[in-house]
>>> print(open('query_25.cif').read())   # mmCIF, C-alpha atoms
data_entry
#
loop_
_atom_site.label_atom_id
_atom_site.label_comp_id
_atom_site.auth_asym_id
_atom_site.auth_seq_id
_atom_site.Cartn_x
_atom_site.Cartn_y
_atom_site.Cartn_z
CA MET A 1 83.72 82.95 131.91
CA PRO A 2 81.96 86.21 130.97
CA THR A 3 84.93 87.69 129.10
CA ARG A 4 85.10 84.67 126.88
CA THR A 5 81.39 84.95 126.10
CA LEU A 6 81.84 88.61 125.27
CA ILE A 7 84.70 87.91 122.93
CA VAL A 8 82.78 85.19 121.13
CA LEU A 9 79.84 87.56 120.75
CA ALA A 10 82.13 90.29 119.44
CA MET A 11 83.63 87.88 116.96
CA LEU A 12 80.23 86.71 115.81
CA ALA A 13 79.19 90.34 115.30
CA VAL A 14 82.29 91.02 113.24
CA GLY A 15 81.71 87.82 111.30
CA ALA A 16 78.16 88.92 110.52
CA LEU A 17 79.49 92.26 109.30
CA ALA A 18 82.01 90.51 107.10
CA GLY A 19 79.30 88.21 105.82
CA CYS A 20 77.31 91.08 104.38
CA ALA A 21 80.26 92.36 102.38
CA ALA A 22 78.18 92.68 99.23
CA ASP A 23 80.00 94.53 96.49
CA PRO A 24 83.33 92.97 95.48
CA ASP A 25 84.00 95.89 93.09
CA ASN A 26 83.96 98.46 95.86
CA PRO A 27 86.29 97.61 98.75
CA ASP A 28 85.28 100.79 100.57
CA PRO A 29 81.48 101.25 100.74
CA PHE A 30 81.81 103.32 103.92
CA GLU A 31 84.31 105.76 102.43
CA ARG A 32 82.57 108.85 103.76
CA SER A 33 82.64 107.80 107.43
CA ASN A 34 86.04 106.12 106.99
CA ARG A 35 87.49 109.39 105.72
CA ALA A 36 86.05 111.22 108.71
CA ILE A 37 87.65 108.77 111.14
CA TYR A 38 90.89 108.85 109.15
CA TRP A 39 90.93 112.63 109.44
CA LEU A 40 90.26 112.41 113.16
CA ASN A 41 93.02 109.83 113.70
CA ASP A 42 95.43 111.92 111.68
CA SER A 43 94.65 115.04 113.70
CA VAL A 44 95.06 113.21 117.00
CA ASP A 45 98.33 111.73 115.74
CA ARG A 46 99.74 115.11 114.75
CA ALA A 47 98.62 116.69 118.01
CA VAL A 48 99.53 113.91 120.44
CA PHE A 49 101.15 110.71 119.24
CA GLN A 50 103.71 112.13 116.87
CA PRO A 51 105.13 114.63 119.39
CA VAL A 52 105.13 111.96 122.11
CA SER A 53 106.85 109.52 119.78
CA GLU A 54 109.47 112.13 118.86
CA ALA A 55 110.15 112.85 122.52
CA TYR A 56 110.42 109.12 123.22
CA VAL A 57 112.96 108.68 120.41
CA ALA A 58 114.88 111.71 121.68
CA VAL A 59 115.23 110.48 125.27
CA THR A 60 115.57 106.74 124.63
CA PRO A 61 118.75 105.37 123.04
CA GLN A 62 118.30 102.98 120.12
CA PRO A 63 119.45 99.82 122.01
CA VAL A 64 116.90 100.51 124.75
CA ARG A 65 114.15 100.99 122.18
CA THR A 66 115.17 97.76 120.48
CA GLY A 67 114.91 95.96 123.81
CA ILE A 68 111.50 97.49 124.53
CA GLY A 69 110.27 96.56 121.06
CA ASN A 70 111.62 93.02 121.47
CA ALA A 71 109.95 92.56 124.86
CA PHE A 72 106.54 93.73 123.69
CA GLY A 73 106.95 91.76 120.48
CA ASN A 74 107.62 88.65 122.53
CA LEU A 75 104.32 89.15 124.38
CA THR A 76 102.40 88.87 121.10
CA TYR A 77 103.64 85.30 120.56
CA PRO A 78 100.75 83.46 122.24
CA ASN A 79 98.60 85.15 119.60
CA VAL A 80 101.07 84.38 116.80
CA ILE A 81 101.34 80.73 117.89
CA LEU A 82 97.59 80.28 118.23
CA ASN A 83 97.08 81.55 114.68
CA ASP A 84 99.97 79.49 113.28
CA PHE A 85 98.18 76.35 114.46
CA LEU A 86 94.71 77.59 113.44
CA GLN A 87 96.15 77.99 109.94
CA GLY A 88 97.61 74.51 110.06
CA ASN A 89 101.20 75.78 109.92
CA CYS A 90 102.50 73.42 112.60
CA ARG A 91 106.16 73.78 111.69
CA GLN A 92 105.88 77.56 112.00
CA GLY A 93 103.88 77.15 115.20
CA TRP A 94 106.57 75.07 116.89
CA SER A 95 109.28 77.44 115.70
CA ASP A 96 107.36 80.30 117.32
CA VAL A 97 106.82 78.28 120.51
CA GLY A 98 110.57 77.70 120.68
CA ARG A 99 111.24 81.33 119.93
CA MET A 100 109.00 82.54 122.72
CA ALA A 101 110.44 80.02 125.17
CA VAL A 102 114.04 80.95 124.40
CA ASN A 103 113.50 84.71 124.36
CA SER A 104 111.33 84.74 127.50
CA THR A 105 114.01 82.94 129.49
CA ILE A 106 117.52 83.30 128.08
CA GLY A 107 116.46 86.53 126.38
CA LEU A 108 115.41 87.97 129.77
CA LEU A 109 111.66 88.43 129.35
CA GLY A 110 112.09 88.97 125.63
CA ILE A 111 114.36 91.99 125.85
CA PHE A 112 117.10 90.23 123.91
CA ASP A 113 116.27 88.40 120.72
CA VAL A 114 118.46 85.31 121.06
CA ALA A 115 116.13 83.04 119.11
CA THR A 116 116.79 84.65 115.73
CA ASP A 117 120.43 83.57 115.93
CA TRP A 118 119.24 80.10 116.90
CA GLY A 119 117.26 79.70 113.72
CA MET A 120 113.87 80.75 115.05
CA PRO A 121 113.30 84.09 113.29
CA ALA A 122 110.61 86.61 114.13
CA HIS A 123 107.22 85.99 112.62
CA ALA A 124 103.98 87.96 112.69
CA ASN A 125 100.52 86.47 112.58
CA ASP A 126 97.00 87.34 113.68
CA PHE A 127 93.41 86.17 113.55
CA GLY A 128 92.56 88.35 110.54
CA ILE A 129 95.09 86.36 108.51
CA THR A 130 93.63 83.12 109.89
CA LEU A 131 90.13 84.08 108.73
CA GLY A 132 91.65 84.96 105.35
CA VAL A 133 93.36 81.58 105.13
CA TRP A 134 90.02 79.99 105.98
CA GLY A 135 88.59 81.69 102.91
CA LEU A 136 86.97 84.84 104.28
CA ASP A 137 87.41 87.96 102.12
CA ALA A 138 88.58 91.16 103.75
CA GLY A 139 85.09 92.66 103.47
CA PRO A 140 84.56 96.41 103.62
CA TYR A 141 87.59 98.53 104.48
CA THR A 142 87.11 99.99 107.93
CA VAL A 143 89.08 102.74 109.61
CA LEU A 144 88.90 102.25 113.36
CA PRO A 145 89.14 105.16 115.79
CA LEU A 146 92.73 105.41 117.10
CA LEU A 147 93.65 101.95 115.76
CA GLY A 148 93.59 102.98 112.11
CA PRO A 149 93.20 100.86 108.96
CA SER A 150 91.32 97.58 109.23
CA SER A 151 88.58 95.67 107.48
CA SER A 152 85.45 93.99 108.74
CA ARG A 153 87.37 90.70 108.72
CA ASP A 154 90.56 92.04 110.24
CA ALA A 155 88.71 93.78 113.07
CA ALA A 156 88.25 90.28 114.50
CA ARG A 157 91.95 90.14 115.25
CA ILE A 158 91.56 92.79 117.94
CA PRO A 159 89.58 90.79 120.54
CA VAL A 160 91.79 87.75 119.86
CA SER A 161 94.99 89.73 120.33
CA ILE A 162 93.61 91.16 123.57
CA VAL A 163 92.72 87.85 125.21
CA THR A 164 95.90 86.13 124.06
CA HIS A 165 98.09 88.90 125.49
CA PRO A 166 99.84 87.89 128.74
CA LEU A 167 99.17 91.32 130.26
CA PHE A 168 95.45 90.46 130.03
CA TRP A 169 95.95 87.54 132.44
CA VAL A 170 98.81 88.53 134.72
CA PRO A 171 97.47 90.01 137.97
CA ILE A 172 99.35 93.30 138.05
CA PRO A 173 97.98 96.64 139.24
CA CYS A 174 95.88 98.41 136.68
CA ALA A 175 98.19 101.44 136.71
CA VAL A 176 101.20 99.29 135.85
CA SER A 177 99.50 97.49 133.00
CA ALA A 178 98.16 100.81 131.68
CA GLY A 179 101.69 102.19 131.79
CA LEU A 180 103.08 99.18 129.95
CA ARG A 181 100.34 99.36 127.30
CA THR A 182 101.10 103.03 126.77
CA LEU A 183 104.80 102.34 126.38
CA ASP A 184 103.96 99.59 123.90
CA ALA A 185 101.77 101.99 121.90
CA VAL A 186 104.40 104.76 121.89
CA ASP A 187 107.13 102.34 120.85
CA THR A 188 104.96 100.98 118.04
CA ARG A 189 104.15 104.50 116.88
CA ALA A 190 107.86 105.38 116.83
CA ARG A 191 108.64 102.34 114.70
CA ILE A 192 106.11 103.24 111.99
CA GLU A 193 107.44 106.79 111.67
CA PRO A 194 109.53 106.03 108.54
CA ALA A 195 106.47 104.53 106.85
CA LEU A 196 104.41 107.60 107.69
CA GLN A 197 107.13 109.86 106.32
CA MET A 198 107.16 107.78 103.16
CA ARG A 199 103.42 108.26 102.85
CA GLU A 200 103.79 112.00 103.36
CA ARG A 201 106.10 112.14 100.35
CA ALA A 202 104.51 109.55 98.11
CA ALA A 203 100.78 110.00 98.57
CA LEU A 204 98.67 112.30 96.43
CA ASP A 205 95.57 111.19 98.33
CA PRO A 206 96.89 109.87 101.67
CA TYR A 207 93.56 108.26 102.56
CA VAL A 208 93.43 106.19 99.37
CA PHE A 209 97.17 105.50 99.57
CA THR A 210 96.72 104.03 103.06
CA ARG A 211 93.66 102.03 102.08
CA GLU A 212 95.33 100.48 99.04
CA ALA A 213 98.55 99.75 100.88
CA TYR A 214 96.65 98.17 103.77
CA LEU A 215 94.32 96.00 101.67
CA GLN A 216 97.10 94.85 99.34
CA TYR A 217 99.48 94.19 102.19
CA ARG A 218 96.94 92.06 104.04
CA ARG A 219 96.04 90.16 100.87
CA ALA A 220 99.73 89.38 100.42
CA ARG A 221 100.13 88.19 104.03
CA VAL A 222 97.08 85.91 103.71
CA ALA A 223 98.45 84.42 100.48
CA GLU A 224 101.82 83.92 102.16
CA ALA A 225 100.25 82.18 105.19
CA ALA A 226 98.13 79.99 102.91
CA GLY A 227 101.20 79.13 100.84
CA LYS A 228 99.50 80.34 97.67
CA PRO A 229 100.78 82.69 94.99
CA LEU A 230 99.42 86.21 95.25
CA ALA A 231 96.62 86.69 92.73
CA GLU A 232 97.10 89.89 90.76
CA ALA A 233 94.31 92.43 90.54
CA PRO A 234 92.26 91.78 87.38
CA GLY A 235 93.10 94.16 84.56
CA LEU A 236 95.94 95.82 86.45
CA TYR A 237 98.46 95.20 83.70
CA ASP A 238 96.17 95.73 80.70
CA ASP A 239 97.44 98.58 78.60
CA HIS A 240 94.79 101.04 77.43
CA GLU A 241 97.05 102.87 75.04
CA ASP A 242 94.57 103.16 72.18
CA ASP A 243 91.54 101.82 73.91
CA ALA A 244 88.43 103.10 72.21
CA GLN A 245 85.78 100.69 73.40
CA GLY A 246 84.92 99.70 76.93
CA ALA A 247 82.82 100.68 79.87
CA GLU A 248 82.07 103.92 81.67
CA GLY A 249 85.64 104.77 82.55
CA ASP A 250 85.59 102.99 85.88
CA MET A 251 88.82 101.58 87.21
CA GLU A 252 87.86 97.91 87.07
CA ASP A 253 88.46 96.19 83.82
CA GLY A 254 86.28 93.21 84.52
CA PRO A 255 86.92 89.87 82.89
CA ALA A 256 88.58 91.45 79.88
CA VAL A 257 90.50 89.76 77.09
CA PRO A 258 92.44 86.80 78.42
CA ALA A 259 95.79 88.34 79.18
CA ALA A 260 97.70 85.69 77.28
CA THR A 261 96.18 86.80 74.00
CA ALA A 262 97.33 90.37 74.55
CA PRO A 263 101.11 90.35 74.47
CA SER A 264 101.41 93.87 73.12
CA PRO A 265 99.28 97.00 73.29
CA GLU A 266 98.61 96.86 69.56
CA ALA A 267 97.25 93.34 69.76
CA ALA A 268 95.13 94.19 72.80
CA GLU A 269 92.51 95.85 70.66
CA MET B 1 119.93 96.12 89.55
CA ARG B 2 123.60 95.24 89.47
CA GLU B 3 124.50 98.79 88.51
CA VAL B 4 122.48 100.14 91.41
CA LEU B 5 124.25 97.79 93.78
CA THR B 6 127.64 99.17 92.84
CA ILE B 7 126.43 102.74 93.33
CA LEU B 8 124.67 102.41 96.69
CA PRO B 9 127.49 101.17 98.93
CA ASP B 10 130.02 103.58 97.42
CA ALA B 11 131.15 105.70 100.36
CA ASN B 12 132.85 108.20 98.05
CA LEU B 13 129.54 109.39 96.70
CA SER B 14 127.36 111.98 98.41
CA PRO B 15 123.62 111.27 98.85
CA ALA B 16 122.88 113.72 96.04
CA GLU B 17 125.35 112.00 93.70
CA LYS B 18 123.91 108.60 94.54
CA ARG B 19 120.42 109.86 93.89
CA GLY B 20 121.55 111.23 90.55
CA GLN B 21 123.27 108.04 89.45
CA VAL B 22 120.49 105.73 90.58
CA ARG B 23 118.02 108.01 88.83
CA ASP B 24 119.97 107.65 85.60
CA VAL B 25 119.86 103.87 85.91
CA ALA B 26 116.16 103.97 86.78
CA TYR B 27 115.39 106.25 83.83
CA ALA B 28 117.16 103.83 81.51
CA HIS B 29 115.27 100.78 82.80
CA MET B 30 111.83 102.06 83.77
CA ASP B 31 109.15 102.54 81.17
CA PHE B 32 107.45 105.63 82.58
CA GLU B 33 105.03 105.89 79.67
CA THR B 34 103.64 102.43 80.31
CA ILE B 35 103.65 102.99 84.07
CA SER B 36 101.64 106.18 83.50
CA ARG B 37 99.12 104.43 81.27
CA LEU B 38 98.72 101.47 83.60
CA SER B 39 98.31 103.76 86.58
CA MET B 40 95.57 105.66 84.79
CA GLY B 41 93.80 102.50 83.61
CA ARG B 42 90.74 103.23 81.51
CA ASN B 43 90.91 106.88 82.47
CA TRP B 44 93.87 107.28 80.11
CA ARG B 45 91.73 107.62 76.97
CA ASP B 46 89.84 110.55 78.51
CA VAL B 47 93.07 112.51 78.87
CA PRO B 48 93.55 114.86 75.92
CA GLU B 49 96.78 114.32 73.96
CA PRO B 50 98.68 117.47 75.05
CA LYS B 51 98.07 116.72 78.71
CA ARG B 52 99.34 113.17 78.43
CA ALA B 53 102.96 114.20 77.90
CA GLU B 54 102.71 116.68 80.75
CA PHE B 55 101.25 114.03 83.01
CA ILE B 56 103.97 111.49 82.19
CA GLU B 57 106.66 114.07 82.94
CA GLU B 58 105.18 115.24 86.27
CA PHE B 59 104.47 111.68 87.34
CA ARG B 60 108.02 110.65 86.48
CA ILE B 61 109.42 113.46 88.63
CA HIS B 62 107.09 112.50 91.47
CA MET B 63 108.06 108.83 91.34
CA SER B 64 111.79 109.45 91.21
CA ALA B 65 111.65 111.97 94.06
CA THR B 66 109.57 109.67 96.22
CA TYR B 67 111.58 106.56 95.71
CA GLY B 68 114.84 108.44 95.40
CA SER B 69 114.60 109.52 99.02
CA ALA B 70 114.67 105.85 100.04
CA ILE B 71 118.22 105.73 98.65
CA ASP B 72 119.52 107.96 101.45
CA ARG B 73 118.47 105.38 104.02
CA TYR B 74 120.42 102.58 102.35
CA THR B 75 123.21 101.23 104.53
CA ASP B 76 124.60 97.77 103.88
CA GLU B 77 121.54 95.74 102.88
CA ASP B 78 121.91 92.74 100.61
CA ILE B 79 119.72 92.45 97.56
CA THR B 80 119.07 88.89 96.39
CA VAL B 81 117.27 87.96 93.20
CA THR B 82 115.13 84.96 94.14
CA GLY B 83 113.59 84.01 90.81
CA ASP B 84 112.36 84.95 87.36
CA ARG B 85 108.71 84.27 86.62
CA ARG B 86 106.81 84.37 83.34
CA GLU B 87 103.37 85.95 83.64
CA VAL B 88 100.37 84.86 81.54
CA ASN B 89 100.38 88.06 79.51
CA GLY B 90 104.06 87.69 78.56
CA ASP B 91 105.45 89.98 81.28
CA ARG B 92 108.24 88.83 83.58
CA THR B 93 108.44 89.22 87.33
CA ILE B 94 111.79 89.32 89.08
CA PRO B 95 111.29 88.79 92.81
CA THR B 96 114.06 90.12 95.04
CA VAL B 97 114.64 90.27 98.77
CA ILE B 98 116.38 93.18 100.43
CA GLY B 99 117.60 93.07 104.01
CA LYS B 100 120.55 93.35 106.33
CA PRO B 101 123.05 90.54 105.74
CA GLY B 102 121.62 87.41 107.36
CA ALA B 103 118.25 89.00 108.14
CA ASP B 104 115.17 86.78 108.45
CA ARG B 105 111.99 87.21 106.44
CA GLN B 106 110.43 89.50 109.04
CA ASN B 107 113.31 91.94 108.88
CA SER B 108 113.71 91.96 105.14
CA ILE B 109 111.53 93.34 102.39
CA GLY B 110 110.34 91.53 99.28
CA ILE B 111 110.53 93.73 96.20
CA ASP B 112 109.13 92.40 92.93
CA TYR B 113 109.97 94.04 89.62
CA ARG B 114 107.49 93.51 86.81
CA LEU B 115 109.07 93.79 83.38
CA ARG B 116 107.56 94.16 79.92
CA ARG B 117 109.38 93.97 76.65
CA LYS B 118 109.73 97.25 74.81
CA GLY B 119 111.46 96.72 71.51
CA GLU B 120 114.64 94.85 72.34
CA GLN B 121 114.70 95.71 76.02
CA TRP B 122 112.89 94.51 79.13
CA MET B 123 111.65 97.55 81.01
CA VAL B 124 110.27 97.85 84.53
CA ILE B 125 106.52 98.60 84.50
CA ASP B 126 105.72 98.06 88.18
CA VAL B 127 107.42 97.63 91.53
CA SER B 128 105.71 95.78 94.38
CA VAL B 129 106.98 96.12 97.93
CA ASP B 130 105.90 93.22 100.18
CA GLY B 131 103.02 92.55 97.82
CA VAL B 132 101.94 96.18 97.54
CA SER B 133 101.98 97.24 93.89
CA MET B 134 102.94 100.83 93.10
CA VAL B 135 100.80 100.85 89.96
CA ALA B 136 97.74 99.51 91.79
CA ASN B 137 98.15 102.06 94.55
CA PHE B 138 98.54 104.98 92.16
CA ARG B 139 95.64 103.74 90.07
CA SER B 140 93.28 103.93 93.03
CA GLN B 141 94.57 107.34 94.06
CA PHE B 142 94.25 108.69 90.51
CA GLN B 143 90.78 107.21 90.20
CA SER B 144 89.69 109.02 93.34
CA ILE B 145 91.28 112.35 92.36
CA LEU B 146 89.97 112.19 88.78
CA ALA B 147 86.46 111.52 90.07
CA GLN B 148 86.66 114.68 92.16
CA GLY B 149 88.41 117.13 89.88
CA GLY B 150 89.46 115.57 86.59
CA ILE B 151 92.87 115.62 84.97
CA ASP B 152 93.46 119.30 85.77
CA ARG B 153 93.13 118.65 89.48
CA LEU B 154 95.48 115.65 89.21
CA LEU B 155 98.10 117.64 87.32
CA ALA B 156 97.85 120.48 89.82
CA LEU B 157 98.34 118.07 92.71
CA LEU B 158 101.38 116.47 91.07
CA ARG B 159 102.94 119.87 90.34
CA GLU B 160 102.30 121.02 93.90
CA LYS B 161 103.80 117.82 95.32
CA ASN B 162 106.86 118.07 93.08
CA ALA B 163 107.44 121.68 94.11
CA THR B 164 107.33 120.69 97.81
CA THR B 165 109.77 117.84 97.25
CA ARG B 166 112.16 120.11 95.34
CA GLU B 167 112.09 122.52 98.27
CA SER B 168 112.83 119.78 100.81
CA LEU B 169 115.76 118.42 98.80
CA LYS B 170 117.52 121.78 98.74
#
>>> encode(input="query_25.cif", output="structure tokens")
Amino acid sequence: MPTRTLIVLAMLAVGALAGCAADPDNPDPFERSNRAIYWLNDSVDRAVFQPVSEAYVAVTPQPVRTGIGNAFGNLTYPNVILNDFLQGNCRQGWSDVGRMAVNSTIGLLGIFDVATDWGMPAHANDFGITLGVWGLDAGPYTVLPLLGPSSSRDAARIPVSIVTHPLFWVPIPCAVSAGLRTLDAVDTRARIEPALQMRERAALDPYVFTREAYLQYRRARVAEAAGKPLAEAPGLYDDHEDDAQGAEGDMEDGPAVPAATAPSPEAAE
Amino acid sequence: MREVLTILPDANLSPAEKRGQVRDVAYAHMDFETISRLSMGRNWRDVPEPKRAEFIEEFRIHMSATYGSAIDRYTDEDITVTGDRREVNGDRTIPTVIGKPGADRQNSIGIDYRLRRKGEQWMVIDVSVDGVSMVANFRSQFQSILAQGGIDRLLALLREKNATTRESLK
């Protein structure tokens, strides 16, 4: 099947990109072009997606939006389930199989989330997390046009989520599937509005804020899926109160004093 | 934590009163000086003494305004303390989960409080939301801003941001 070949090729290309992630100290070697794409995405969002999302929220009552979100969420489960099993989380995988089965039928094509009450709660997963569980680092941070924050590793989740999506396989007219995809996108955009408002208030440099939040969040989800404790960033909690020595004022502290020997700022010297 | 939980659900309090009371609790339990230093990392020693106090104050206002606005959205979520972990450097981490009563993992948020002893008291030095550390995020932002325009640029940005937030809260 040609599509399958294409996908494999795309994934190999992404893998090659991830493989050349050279500098572990700089998560964002393409900052200049990333910032340009970020700026572009932000402009398009302000001009198009945000107003559309606001209009959607204005004309659609909350229960309807919940149903729409549930239904589209349900369609991501083949992808979720595939990645559960690829990560070796069989228990989670079967729970998600049950969830999808229950919600697709009794939940009327996923509109009603019955499964949560039946002990099969919602769960998110994707191929980027799988690659992370398999030991691949995020690689360079990458802002994708329209899709937003990603990394060279996480970009691989896009082709996988496309081919595992039921709308990719169901023979419906192109116009209908385009309409459904648009609705999905608008609904998703509306649901991240609070997070974007939070960023508006909290961020001094919104680009860096987004990058850090994205990379940290993904690291945490990979650790969670792998069942490992989240490793803290080296040097993050070292206090430089009266630090006189040290390197050229860069943010990384390197393999500094073993943290255990530095219980207080005074002793850290 | 407990104090905050008695304030938030109180229907007799206006959003502004809640914000005020939670802020008082936060001010008593958060070590803003340490948070400021950690967020600046090695850049801290390049900040001249008089500007340090100013930075701590502006940063404190920024943090409380930012996170204070989250208080208005509180409805009836449960907050559960799920552990108490000793870190290698002597800090403590208190993991909590906040969500609607009976919510599953997907619909709840994990908030970890990192504490460090200051004198007799354990003070909060970082808050991580679903694995995203506030200190780490600010450190990267500060690093980027300092590289472009130094401490004066950073202070100007903080002041500007705080003025906007004050406007919007009126």
>>> closest_residue(input="query_25.cif", among="B:Ser128, B:Gln148, B:Ser168, B:Ser140", to="Asp28 in chain A", atoms="all atoms listed in the file")
B:Ser140
>>> closest_atom_pairs(input="query_25.cif", of="chain B", to="chain A", cutoff="7 Å", atoms="all atoms listed in the file", output="CSV")
residue,atom,partner,partner_atom,distance
B:Arg37,CA,A:Asp239,CA,6.6
B:Leu38,CA,A:Asp239,CA,5.9
B:Gly41,CA,A:Met251,CA,6.2
B:Arg42,CA,A:Gly249,CA,5.4
B:Asn43,CA,A:Gly249,CA,5.7
B:Trp44,CA,A:His240,CA,6.9
B:Arg45,CA,A:Asp243,CA,6.6
B:Thr66,CA,A:Ala202,CA,5.4
B:Val88,CA,A:Ala260,CA,5.1
B:Asn89,CA,A:Ala260,CA,4.2
B:Gly90,CA,A:Pro263,CA,5.7
B:Asp104,CA,A:Pro121,CA,5.8
B:Gln106,CA,A:Ala122,CA,5.9
B:Asp130,CA,A:Tyr217,CA,6.8
B:Gly131,CA,A:Ala220,CA,5.3
B:Val132,CA,A:Gln216,CA,5.3
B:Ala136,CA,A:Leu236,CA,6.7
B:Asn137,CA,A:Glu212,CA,5.5
B:Ser140,CA,A:Val208,CA,6.7
B:Gln141,CA,A:Val208,CA,5.6
B:Gln143,CA,A:Met251,CA,6.7
B:Leu157,CA,A:Leu204,CA,6.9
>>> closest_residue(input="query_25.cif", among="A:Pro149, A:Phe127, A:Tyr141, A:Asp184", to="Ser161 in chain A", atoms="only C-alpha atoms")
A:Phe127
>>> resolve_selection(input="query_25.cif", expression="the PyMOL selection byres ((chain A and resi 132) around 10)", output="list in words")
Gln87, Phe127, Gly128, Ile129, Thr130, Leu131, Val133, Trp134, Gly135, Leu136, Asp137, Ala138, Arg153, Asp154, Arg218, Arg219, Arg221, Val222, Ala223, Ala225 and Ala226 of chain A
>>> write_last_selection(input="query_25.cif", atoms="C-alpha atoms", output="short mmCIF file (atom, residue, chain, number, x, y, z; two decimals), keeping the file's coordinate frame")
data_model
loop_
_atom_site.label_atom_id
_atom_site.label_comp_id
_atom_site.auth_asym_id
_atom_site.auth_seq_id
_atom_site.Cartn_x
_atom_site.Cartn_y
_atom_site.Cartn_z
CA GLN A 87 96.15 77.99 109.94
CA PHE A 127 93.41 86.17 113.55
CA GLY A 128 92.56 88.35 110.54
CA ILE A 129 95.09 86.36 108.51
CA THR A 130 93.63 83.12 109.89
CA LEU A 131 90.13 84.08 108.73
CA VAL A 133 93.36 81.58 105.13
CA TRP A 134 90.02 79.99 105.98
CA GLY A 135 88.59 81.69 102.91
CA LEU A 136 86.97 84.84 104.28
CA ASP A 137 87.41 87.96 102.12
CA ALA A 138 88.58 91.16 103.75
CA ARG A 153 87.37 90.70 108.72
CA ASP A 154 90.56 92.04 110.24
CA ARG A 218 96.94 92.06 104.04
CA ARG A 219 96.04 90.16 100.87
CA ARG A 221 100.13 88.19 104.03
CA VAL A 222 97.08 85.91 103.71
CA ALA A 223 98.45 84.42 100.48
CA ALA A 225 100.25 82.18 105.19
CA ALA A 226 98.13 79.99 102.91
#
>>> closest_residue(input="query_25.cif", among="B:Leu146, B:Asp84, B:Asp91, B:Asp46", to="Lys118 in chain B", atoms="only C-alpha atoms")
B:Asp91
>>> closest_residue(input="query_25.cif", among="B:Phe32, B:Val25, B:Glu77, B:Ser39", to="Ala53 in chain B", atoms="all atoms listed in the file")
B:Phe32
>>> atom_distance(input="query_25.cif", atom1="CA of Pro51 in chain A", atom2="CA of Leu183 in chain A")
14.1 Å
>>> residues_around(input="query_25.cif", residues="Ile109 in chain B", least_positions_apart="6", cutoff="9 Å", atoms="all atoms listed in the file", output="PyMOL selection string")
chain B and resi 96-99+129-130
>>> resolve_selection(input="query_25.cif", expression="the PyMOL selection byres ((chain A and resi 110) around 10)", output="ChimeraX atom specification")
/A:67-75,99-109,111-115
>>> write_last_selection(input="query_25.cif", atoms="C-alpha atoms", output="tab-separated table (two decimals), in the coordinates of the input")
chain	number	residue	atom	x	y	z
A	67	GLY	CA	114.91	95.96	123.81
A	68	ILE	CA	111.50	97.49	124.53
A	69	GLY	CA	110.27	96.56	121.06
A	70	ASN	CA	111.62	93.02	121.47
A	71	ALA	CA	109.95	92.56	124.86
A	72	PHE	CA	106.54	93.73	123.69
A	73	GLY	CA	106.95	91.76	120.48
A	74	ASN	CA	107.62	88.65	122.53
A	75	LEU	CA	104.32	89.15	124.38
A	99	ARG	CA	111.24	81.33	119.93
A	100	MET	CA	109.00	82.54	122.72
A	101	ALA	CA	110.44	80.02	125.17
A	102	VAL	CA	114.04	80.95	124.40
A	103	ASN	CA	113.50	84.71	124.36
A	104	SER	CA	111.33	84.74	127.50
A	105	THR	CA	114.01	82.94	129.49
A	106	ILE	CA	117.52	83.30	128.08
A	107	GLY	CA	116.46	86.53	126.38
A	108	LEU	CA	115.41	87.97	129.77
A	109	LEU	CA	111.66	88.43	129.35
A	111	ILE	CA	114.36	91.99	125.85
A	112	PHE	CA	117.10	90.23	123.91
A	113	ASP	CA	116.27	88.40	120.72
A	114	VAL	CA	118.46	85.31	121.06
A	115	ALA	CA	116.13	83.04	119.11
>>> residues_near_point(input="query_25.cif", point="(101.1, 77.1, 111.3)", cutoff="12 Å", atoms="only C-alpha atoms", output="MDAnalysis selection string")
chainID A and resid 79:97 123:126 129:130 133 224:227
>>> write_last_selection(input="query_25.cif", atoms="C-alpha atoms", output="short mmCIF file (atom, residue, chain, number, x, y, z; two decimals), in the frame of the given file")
data_model
loop_
_atom_site.label_atom_id
_atom_site.label_comp_id
_atom_site.auth_asym_id
_atom_site.auth_seq_id
_atom_site.Cartn_x
_atom_site.Cartn_y
_atom_site.Cartn_z
CA ASN A 79 98.60 85.15 119.60
CA VAL A 80 101.07 84.38 116.80
CA ILE A 81 101.34 80.73 117.89
CA LEU A 82 97.59 80.28 118.23
CA ASN A 83 97.08 81.55 114.68
CA ASP A 84 99.97 79.49 113.28
CA PHE A 85 98.18 76.35 114.46
CA LEU A 86 94.71 77.59 113.44
CA GLN A 87 96.15 77.99 109.94
CA GLY A 88 97.61 74.51 110.06
CA ASN A 89 101.20 75.78 109.92
CA CYS A 90 102.50 73.42 112.60
CA ARG A 91 106.16 73.78 111.69
CA GLN A 92 105.88 77.56 112.00
CA GLY A 93 103.88 77.15 115.20
CA TRP A 94 106.57 75.07 116.89
CA SER A 95 109.28 77.44 115.70
CA ASP A 96 107.36 80.30 117.32
CA VAL A 97 106.82 78.28 120.51
CA HIS A 123 107.22 85.99 112.62
CA ALA A 124 103.98 87.96 112.69
CA ASN A 125 100.52 86.47 112.58
CA ASP A 126 97.00 87.34 113.68
CA ILE A 129 95.09 86.36 108.51
CA THR A 130 93.63 83.12 109.89
CA VAL A 133 93.36 81.58 105.13
CA GLU A 224 101.82 83.92 102.16
CA ALA A 225 100.25 82.18 105.19
CA ALA A 226 98.13 79.99 102.91
CA GLY A 227 101.20 79.13 100.84
#
>>> atom_distance(input="query_25.cif", atom1="CA of Ser64 in chain B", atom2="CA of Arg139 in chain B")
17.2 Å
>>> atom_distance(input="query_25.cif", atom1="CA of Ala47 in chain A", atom2="CA of Ile162 in chain A")
26.6 Å
